$ cat input_18.cif   # mmCIF, C-alpha atoms, pLDDT in the B column; chains and numbers go by the auth columns
data_input
loop_
_atom_site.group_PDB
_atom_site.id
_atom_site.type_symbol
_atom_site.label_atom_id
_atom_site.label_comp_id
_atom_site.label_asym_id
_atom_site.label_seq_id
_atom_site.Cartn_x
_atom_site.Cartn_y
_atom_site.Cartn_z
_atom_site.B_iso_or_equiv
_atom_site.auth_seq_id
_atom_site.auth_asym_id
ATOM 1 C CA MET A 1 71.360 27.249 4.313 43.00 137 J
ATOM 2 C CA THR A 2 72.388 26.566 0.711 46.00 138 J
ATOM 3 C CA GLN A 3 75.265 28.606 -0.670 51.00 139 J
ATOM 4 C CA PRO A 4 74.663 30.448 -3.988 54.00 140 J
ATOM 5 C CA ASN A 5 76.539 27.923 -6.160 56.00 141 J
ATOM 6 C CA GLU A 6 75.262 24.739 -4.535 62.00 142 J
ATOM 7 C CA THR A 7 72.363 22.725 -5.925 63.00 143 J
ATOM 8 C CA GLN A 8 69.815 20.515 -4.268 72.00 144 J
ATOM 9 C CA PRO A 9 69.199 16.883 -5.334 72.00 145 J
ATOM 10 C CA ASN A 10 67.501 16.758 -8.771 78.00 146 J
ATOM 11 C CA GLU A 11 67.910 20.511 -9.138 87.00 147 J
ATOM 12 C CA VAL A 12 69.285 21.824 -12.420 89.00 148 J
ATOM 13 C CA LEU A 13 71.166 25.107 -12.424 93.00 149 J
ATOM 14 C CA THR A 14 72.509 26.566 -15.646 95.00 150 J
ATOM 15 C CA ARG A 15 74.342 29.859 -15.307 95.00 151 J
ATOM 16 C CA ALA A 16 73.937 32.311 -18.179 93.00 152 J
ATOM 17 C CA ALA A 17 77.688 32.918 -18.274 94.00 153 J
ATOM 18 C CA THR A 18 78.461 29.257 -18.941 95.00 154 J
ATOM 19 C CA ALA A 19 75.431 28.097 -20.967 97.00 155 J
ATOM 20 C CA GLU A 20 76.271 26.564 -24.332 97.00 156 J
ATOM 21 C CA THR A 21 75.070 28.573 -27.330 97.00 157 J
ATOM 22 C CA ILE A 22 74.608 27.360 -30.874 97.00 158 J
ATOM 23 C CA THR A 23 74.071 29.330 -34.063 95.00 159 J
ATOM 24 C CA ASP A 24 71.747 27.115 -36.060 93.00 160 J
ATOM 25 C CA GLY A 25 70.957 29.453 -38.927 91.00 161 J
ATOM 26 C CA PRO A 26 71.317 33.048 -40.066 94.00 162 J
ATOM 27 C CA GLY A 27 70.039 35.288 -37.274 96.00 163 J
ATOM 28 C CA SER A 28 69.179 32.396 -34.959 97.00 164 J
ATOM 29 C CA THR A 29 70.872 31.477 -31.683 97.00 165 J
ATOM 30 C CA ILE A 30 69.889 28.699 -29.286 97.00 166 J
ATOM 31 C CA THR A 31 71.042 28.750 -25.672 98.00 167 J
ATOM 32 C CA LEU A 32 70.926 25.308 -24.039 98.00 168 J
ATOM 33 C CA LEU A 33 69.545 25.264 -20.482 97.00 169 J
ATOM 34 C CA THR A 34 68.582 21.739 -19.385 96.00 170 J
ATOM 35 C CA ASP A 35 68.214 18.369 -21.049 96.00 171 J
ATOM 36 C CA THR A 36 66.942 15.711 -18.670 94.00 172 J
ATOM 37 C CA ALA A 37 64.526 12.812 -19.118 92.00 173 J
ATOM 38 C CA GLU A 38 61.791 15.000 -17.625 93.00 174 J
ATOM 39 C CA LEU A 39 62.450 18.328 -19.301 95.00 175 J
ATOM 40 C CA THR A 40 64.429 19.907 -22.139 97.00 176 J
ATOM 41 C CA CYS A 41 64.638 23.723 -22.162 97.00 177 J
ATOM 42 C CA ASN A 42 66.430 26.345 -24.196 98.00 178 J
ATOM 43 C CA THR A 43 66.055 29.907 -25.297 98.00 179 J
ATOM 44 C CA ALA A 44 65.864 30.838 -28.958 98.00 180 J
ATOM 45 C CA THR A 45 66.813 34.320 -30.113 98.00 181 J
ATOM 46 C CA PHE A 46 65.731 35.292 -33.610 98.00 182 J
ATOM 47 C CA GLU A 47 66.824 38.350 -35.521 98.00 183 J
ATOM 48 C CA GLU A 48 64.452 39.899 -38.030 97.00 184 J
ATOM 49 C CA GLY A 49 64.179 37.611 -41.065 95.00 185 J
ATOM 50 C CA ALA A 50 65.460 34.460 -39.310 96.00 186 J
ATOM 51 C CA SER A 51 63.851 31.319 -40.725 94.00 187 J
ATOM 52 C CA GLY A 52 63.077 29.700 -37.345 96.00 188 J
ATOM 53 C CA ALA A 53 62.046 26.047 -37.194 96.00 189 J
ATOM 54 C CA PRO A 54 60.468 24.310 -40.198 95.00 190 J
ATOM 55 C CA VAL A 55 57.212 22.390 -39.991 97.00 191 J
ATOM 56 C CA HIS A 56 57.627 19.332 -37.793 97.00 192 J
ATOM 57 C CA PHE A 57 55.976 17.311 -35.037 98.00 193 J
ATOM 58 C CA HIS A 58 57.004 15.203 -32.059 97.00 194 J
ATOM 59 C CA THR A 59 55.443 11.824 -31.289 97.00 195 J
ATOM 60 C CA LYS A 60 56.383 11.716 -27.601 96.00 196 J
ATOM 61 C CA ALA A 61 56.695 15.288 -26.304 97.00 197 J
ATOM 62 C CA THR A 62 54.661 18.413 -25.785 98.00 198 J
ATOM 63 C CA GLU A 63 56.614 21.491 -26.877 98.00 199 J
ATOM 64 C CA PHE A 64 55.903 24.829 -25.241 98.00 200 J
ATOM 65 C CA PHE A 65 56.807 28.428 -25.976 98.00 201 J
ATOM 66 C CA HIS A 66 56.918 31.557 -23.820 98.00 202 J
ATOM 67 C CA VAL A 67 57.690 34.737 -25.740 98.00 203 J
ATOM 68 C CA VAL A 68 60.069 36.873 -23.693 98.00 204 J
ATOM 69 C CA SER A 69 60.208 39.725 -26.219 98.00 205 J
ATOM 70 C CA GLY A 70 59.225 40.473 -29.799 98.00 206 J
ATOM 71 C CA ARG A 71 56.677 38.658 -31.941 98.00 207 J
ATOM 72 C CA LEU A 72 56.648 34.992 -32.879 98.00 208 J
ATOM 73 C CA ASP A 73 54.513 33.300 -35.527 98.00 209 J
ATOM 74 C CA VAL A 74 53.698 29.706 -34.612 98.00 210 J
ATOM 75 C CA LEU A 75 51.970 27.166 -36.815 98.00 211 J
ATOM 76 C CA VAL A 76 49.707 24.853 -34.784 98.00 212 J
ATOM 77 C CA GLY A 77 48.043 22.236 -36.960 97.00 213 J
ATOM 78 C CA ASP A 78 46.808 24.303 -39.900 95.00 214 J
ATOM 79 C CA GLU A 79 46.566 27.664 -38.109 96.00 215 J
ATOM 80 C CA VAL A 80 49.249 30.335 -37.754 96.00 216 J
ATOM 81 C CA LYS A 81 49.091 32.164 -34.425 97.00 217 J
ATOM 82 C CA THR A 82 51.056 35.310 -33.601 97.00 218 J
ATOM 83 C CA LEU A 83 52.428 35.463 -30.065 98.00 219 J
ATOM 84 C CA THR A 84 53.749 38.605 -28.404 98.00 220 J
ATOM 85 C CA ALA A 85 55.787 39.255 -25.268 98.00 221 J
ATOM 86 C CA GLY A 86 54.330 37.367 -22.309 98.00 222 J
ATOM 87 C CA ASP A 87 52.275 34.916 -24.384 98.00 223 J
ATOM 88 C CA PHE A 88 52.522 31.170 -23.704 98.00 224 J
ATOM 89 C CA LEU A 89 51.566 28.298 -25.999 98.00 225 J
ATOM 90 C CA SER A 90 51.880 24.529 -25.687 98.00 226 J
ATOM 91 C CA VAL A 91 51.680 22.164 -28.653 98.00 227 J
ATOM 92 C CA PRO A 92 50.736 18.556 -27.824 98.00 228 J
ATOM 93 C CA ALA A 93 52.584 15.548 -29.195 98.00 229 J
ATOM 94 C CA GLY A 94 51.503 14.627 -32.710 98.00 230 J
ATOM 95 C CA VAL A 95 50.491 18.165 -33.756 98.00 231 J
ATOM 96 C CA LYS A 96 52.542 19.658 -36.566 98.00 232 J
ATOM 97 C CA HIS A 97 54.012 23.063 -35.833 98.00 233 J
ATOM 98 C CA ALA A 98 56.662 25.549 -36.914 98.00 234 J
ATOM 99 C CA PHE A 99 57.844 28.886 -35.585 98.00 235 J
ATOM 100 C CA ALA A 100 59.737 31.989 -36.644 97.00 236 J
ATOM 101 C CA PRO A 101 59.799 35.664 -35.788 98.00 237 J
ATOM 102 C CA SER A 102 56.884 37.540 -37.329 97.00 238 J
ATOM 103 C CA PRO A 103 57.876 39.400 -40.509 95.00 239 J
ATOM 104 C CA GLY A 104 59.601 42.662 -39.584 95.00 240 J
ATOM 105 C CA HIS A 105 60.178 41.572 -35.972 97.00 241 J
ATOM 106 C CA THR A 106 62.685 39.876 -33.710 98.00 242 J
ATOM 107 C CA ALA A 107 61.788 37.354 -31.036 98.00 243 J
ATOM 108 C CA GLU A 108 63.290 35.916 -27.888 98.00 244 J
ATOM 109 C CA VAL A 109 61.552 32.743 -26.770 98.00 245 J
ATOM 110 C CA PHE A 110 61.819 30.268 -23.905 98.00 246 J
ATOM 111 C CA VAL A 111 61.215 26.805 -25.407 98.00 247 J
ATOM 112 C CA GLY A 112 60.658 23.558 -23.553 98.00 248 J
ATOM 113 C CA PHE A 113 59.758 19.918 -24.089 97.00 249 J
ATOM 114 C CA THR A 114 58.172 17.510 -21.684 97.00 250 J
ATOM 115 C CA PRO A 115 59.207 14.826 -21.380 96.00 251 J
ATOM 116 C CA GLY A 116 62.786 15.661 -22.296 93.00 252 J
ATOM 117 C CA MET A 117 64.909 13.175 -24.211 90.00 253 J
ATOM 118 C CA GLY A 118 68.443 14.308 -24.892 90.00 254 J
ATOM 119 C CA ARG A 119 67.654 16.859 -27.600 94.00 255 J
ATOM 120 C CA PHE A 120 70.791 18.969 -27.134 96.00 256 J
ATOM 121 C CA ASP A 121 72.652 16.778 -29.617 96.00 257 J
ATOM 122 C CA TYR A 122 69.973 17.654 -32.190 96.00 258 J
ATOM 123 C CA TYR A 123 70.692 21.364 -31.693 96.00 259 J
ATOM 124 C CA ARG A 124 74.421 20.641 -31.931 96.00 260 J
ATOM 125 C CA LEU A 125 73.768 18.804 -35.207 96.00 261 J
ATOM 126 C CA LEU A 126 71.986 21.898 -36.547 95.00 262 J
ATOM 127 C CA GLY A 127 75.043 23.951 -35.604 95.00 263 J
ATOM 128 C CA ARG A 128 77.350 21.474 -37.373 96.00 264 J
ATOM 129 C CA VAL A 129 75.217 21.689 -40.522 95.00 265 J
ATOM 130 C CA ARG A 130 75.429 25.487 -40.345 94.00 266 J
ATOM 131 C CA ALA A 131 79.242 25.202 -39.996 95.00 267 J
ATOM 132 C CA GLY A 132 79.481 22.807 -42.966 96.00 268 J
ATOM 133 C CA GLU A 133 80.530 19.875 -40.747 97.00 269 J
ATOM 134 C CA ALA A 134 77.337 17.826 -41.336 97.00 270 J
ATOM 135 C CA THR A 135 74.648 17.639 -44.006 96.00 271 J
ATOM 136 C CA VAL A 136 70.925 18.157 -44.246 94.00 272 J
ATOM 137 C CA GLN A 137 70.723 14.397 -44.853 96.00 273 J
ATOM 138 C CA ASP A 138 72.193 13.919 -41.363 97.00 274 J
ATOM 139 C CA ILE A 139 69.265 15.935 -39.977 96.00 275 J
ATOM 140 C CA ILE A 140 66.761 13.898 -41.980 95.00 276 J
ATOM 141 C CA ASP A 141 68.369 10.669 -40.765 97.00 277 J
ATOM 142 C CA SER A 142 68.154 11.887 -37.144 96.00 278 J
ATOM 143 C CA GLN A 143 64.354 12.275 -37.100 95.00 279 J
ATOM 144 C CA PRO A 144 63.573 9.096 -35.125 95.00 280 J
ATOM 145 C CA VAL A 145 66.539 9.608 -32.775 95.00 281 J
ATOM 146 C CA TYR A 146 65.424 13.063 -31.597 95.00 282 J
ATOM 147 C CA ASP A 147 61.654 12.647 -32.151 96.00 283 J
ATOM 148 C CA ASN A 148 61.718 15.563 -34.577 95.00 284 J
ATOM 149 C CA HIS A 149 59.703 14.576 -37.660 97.00 285 J
ATOM 150 C CA TYR A 150 59.479 16.955 -40.606 96.00 286 J
ATOM 151 C CA ALA A 151 56.166 17.677 -42.310 96.00 287 J
ATOM 152 C CA GLU A 152 54.607 20.139 -44.742 95.00 288 J
ATOM 153 C CA SER A 153 51.968 22.801 -44.296 96.00 289 J
ATOM 154 C CA GLU A 154 50.198 24.937 -46.857 95.00 290 J
ATOM 155 C CA ALA A 155 49.289 27.394 -44.076 94.00 291 J
ATOM 156 C CA TRP A 156 52.967 27.880 -43.156 96.00 292 J
ATOM 157 C CA ALA A 157 54.044 28.110 -46.809 92.00 293 J
ATOM 158 C CA GLY A 158 51.263 30.675 -47.338 89.00 294 J
ATOM 159 C CA ARG A 159 52.611 32.740 -44.431 85.00 295 J
ATOM 160 C CA LEU A 160 56.007 32.837 -46.119 72.00 296 J
ATOM 161 C CA ARG A 161 54.527 33.782 -49.511 69.00 297 J
ATOM 162 C CA SER A 162 52.523 36.606 -47.886 70.00 298 J
ATOM 163 C CA ALA A 163 55.629 37.965 -46.186 68.00 299 J
ATOM 164 C CA GLU A 164 57.522 38.033 -49.511 67.00 300 J
ATOM 165 C CA ALA A 165 54.742 39.834 -51.401 59.00 301 J
#
$ encode --input "input_18.cif" --output "structure tokens"
Amino acid sequence: MTQPNETQPNEVLTRAATAETITDGPGSTITLLTDTAELTCNTATFEEGASGAPVHFHTKATEFFHVVSGRLDVLVGDEVKTLTAGDFLSVPAGVKHAFAPSPGHTAEVFVGFTPGMGRFDYYRLLGRVRAGEATVQDIIDSQPVYDNHYAESEAWAGRLRSAEA
């Protein structure tokens, strides 16, 4: 019988007490869970008003979201969808998307990528930019390294304008 702290071959176990956390923006915390060739997973916790992730796409990975609590707005292509606790959404490779807590709400989200590809250093880079140790240009330069390609969306910009009005 396996003891509580032992793992099986190819098993990944990340304990909440020792998981790395990164503050990547005001009101936004990412907790890193696993980053293997098969799967990258983290949780994202957004306070009300957090900016979330800008419009982007991945050429190699499907990104998926499971809302644990709160409300999350997600751009998929040219449509903004609102997810609530318990909702799940996957966004295929090549489809532009963005996400943030719905205006007036918080959100806690389980986020994953398949296949994985060593994305934790991307999240660490975001944290270094937030701390003033790296620049936005460093993020732009990292797009091909982390398969995180920035884009624009009138639908997402319209969501932000509506929230400000």
$ resolve_selection --input "input_18.cif" --expression "the PyMOL selection byres ((chain J and resi 168-177) around 10)" --output "ChimeraX atom specification"
/J:146,148-152,154-158,165-167,178-180,197,199-201,246-257,259-260
$ resolve_selection --input "input_18.cif" --expression "the PyMOL selection byres ((chain J and resi 240) around 6)" --output "mmCIF file with C-alpha atoms, in the coordinates of the input"
data_model
loop_
_atom_site.group_PDB
_atom_site.id
_atom_site.type_symbol
_atom_site.label_atom_id
_atom_site.label_comp_id
_atom_site.auth_asym_id
_atom_site.auth_seq_id
_atom_site.Cartn_x
_atom_site.Cartn_y
_atom_site.Cartn_z
ATOM 1 C CA GLU J 184 64.452 39.899 -38.030
ATOM 2 C CA PRO J 239 57.876 39.400 -40.509
ATOM 3 C CA HIS J 241 60.178 41.572 -35.972
#
$ closest_residue --input "input_18.cif" --among "J:Phe182, J:Thr159, J:Gly188, J:Glu290" --to "Gly263 in chain J" --atoms "all atoms listed in the file"
J:Thr159
$ atom_distance --input "input_18.cif" --atom1 "CA of Gly230 in chain J" --atom2 "CA of Lys217 in chain J"
17.8 Å
$ closest_residue --input "input_18.cif" --among "J:Leu262, J:Ala270, J:Leu208, J:Leu296" --to "Thr242 in chain J" --atoms "all atoms listed in the file"
J:Leu208
$ atom_distance --input "input_18.cif" --atom1 "CA of Tyr286 in chain J" --atom2 "CA of Lys232 in chain J"
8.5 Å
$ residues_around --input "input_18.cif" --residues "Ala291 in chain J" --least-positions-apart "4" --cutoff "8 Å" --atoms "all atoms listed in the file" --output "PyMOL selection string"
chain J and resi 211+214-216+295
$ atom_distance --input "input_18.cif" --atom1 "CA of Gly268 in chain J" --atom2 "CA of Ser289 in chain J"
27.5 Å
$ closest_residue --input "input_18.cif" --among "J:Arg264, J:Asp209, J:Phe235, J:Val245" --to "Gly222 in chain J" --atoms "all atoms listed in the file"
J:Val245
$ closest_residue --input "input_18.cif" --among "J:Leu261, J:Ala236, J:Ala189, J:Leu225" --to "Tyr282 in chain J" --atoms "only C-alpha atoms"
J:Leu261
$ residues_near_point --input "input_18.cif" --point "(55.1, 21.1, -42.0)" --cutoff "6 Å" --atoms "all atoms listed in the file" --output "number ranges by chain"
J: 191-192, 287-289
$ write_last_selection --input "input_18.cif" --atoms "C-alpha atoms" --output "mmCIF file, in the coordinates of the input"
data_model
loop_
_atom_site.group_PDB
_atom_site.id
_atom_site.type_symbol
_atom_site.label_atom_id
_atom_site.label_comp_id
_atom_site.auth_asym_id
_atom_site.auth_seq_id
_atom_site.Cartn_x
_atom_site.Cartn_y
_atom_site.Cartn_z
ATOM 1 C CA VAL J 191 57.212 22.390 -39.991
ATOM 2 C CA HIS J 192 57.627 19.332 -37.793
ATOM 3 C CA ALA J 287 56.166 17.677 -42.310
ATOM 4 C CA GLU J 288 54.607 20.139 -44.742
ATOM 5 C CA SER J 289 51.968 22.801 -44.296
#
$ closest_residue --input "input_18.cif" --among "J:Val281, J:Ala153, J:Ala229, J:Ala267" --to "Phe193 in chain J" --atoms "only C-alpha atoms"
J:Ala229
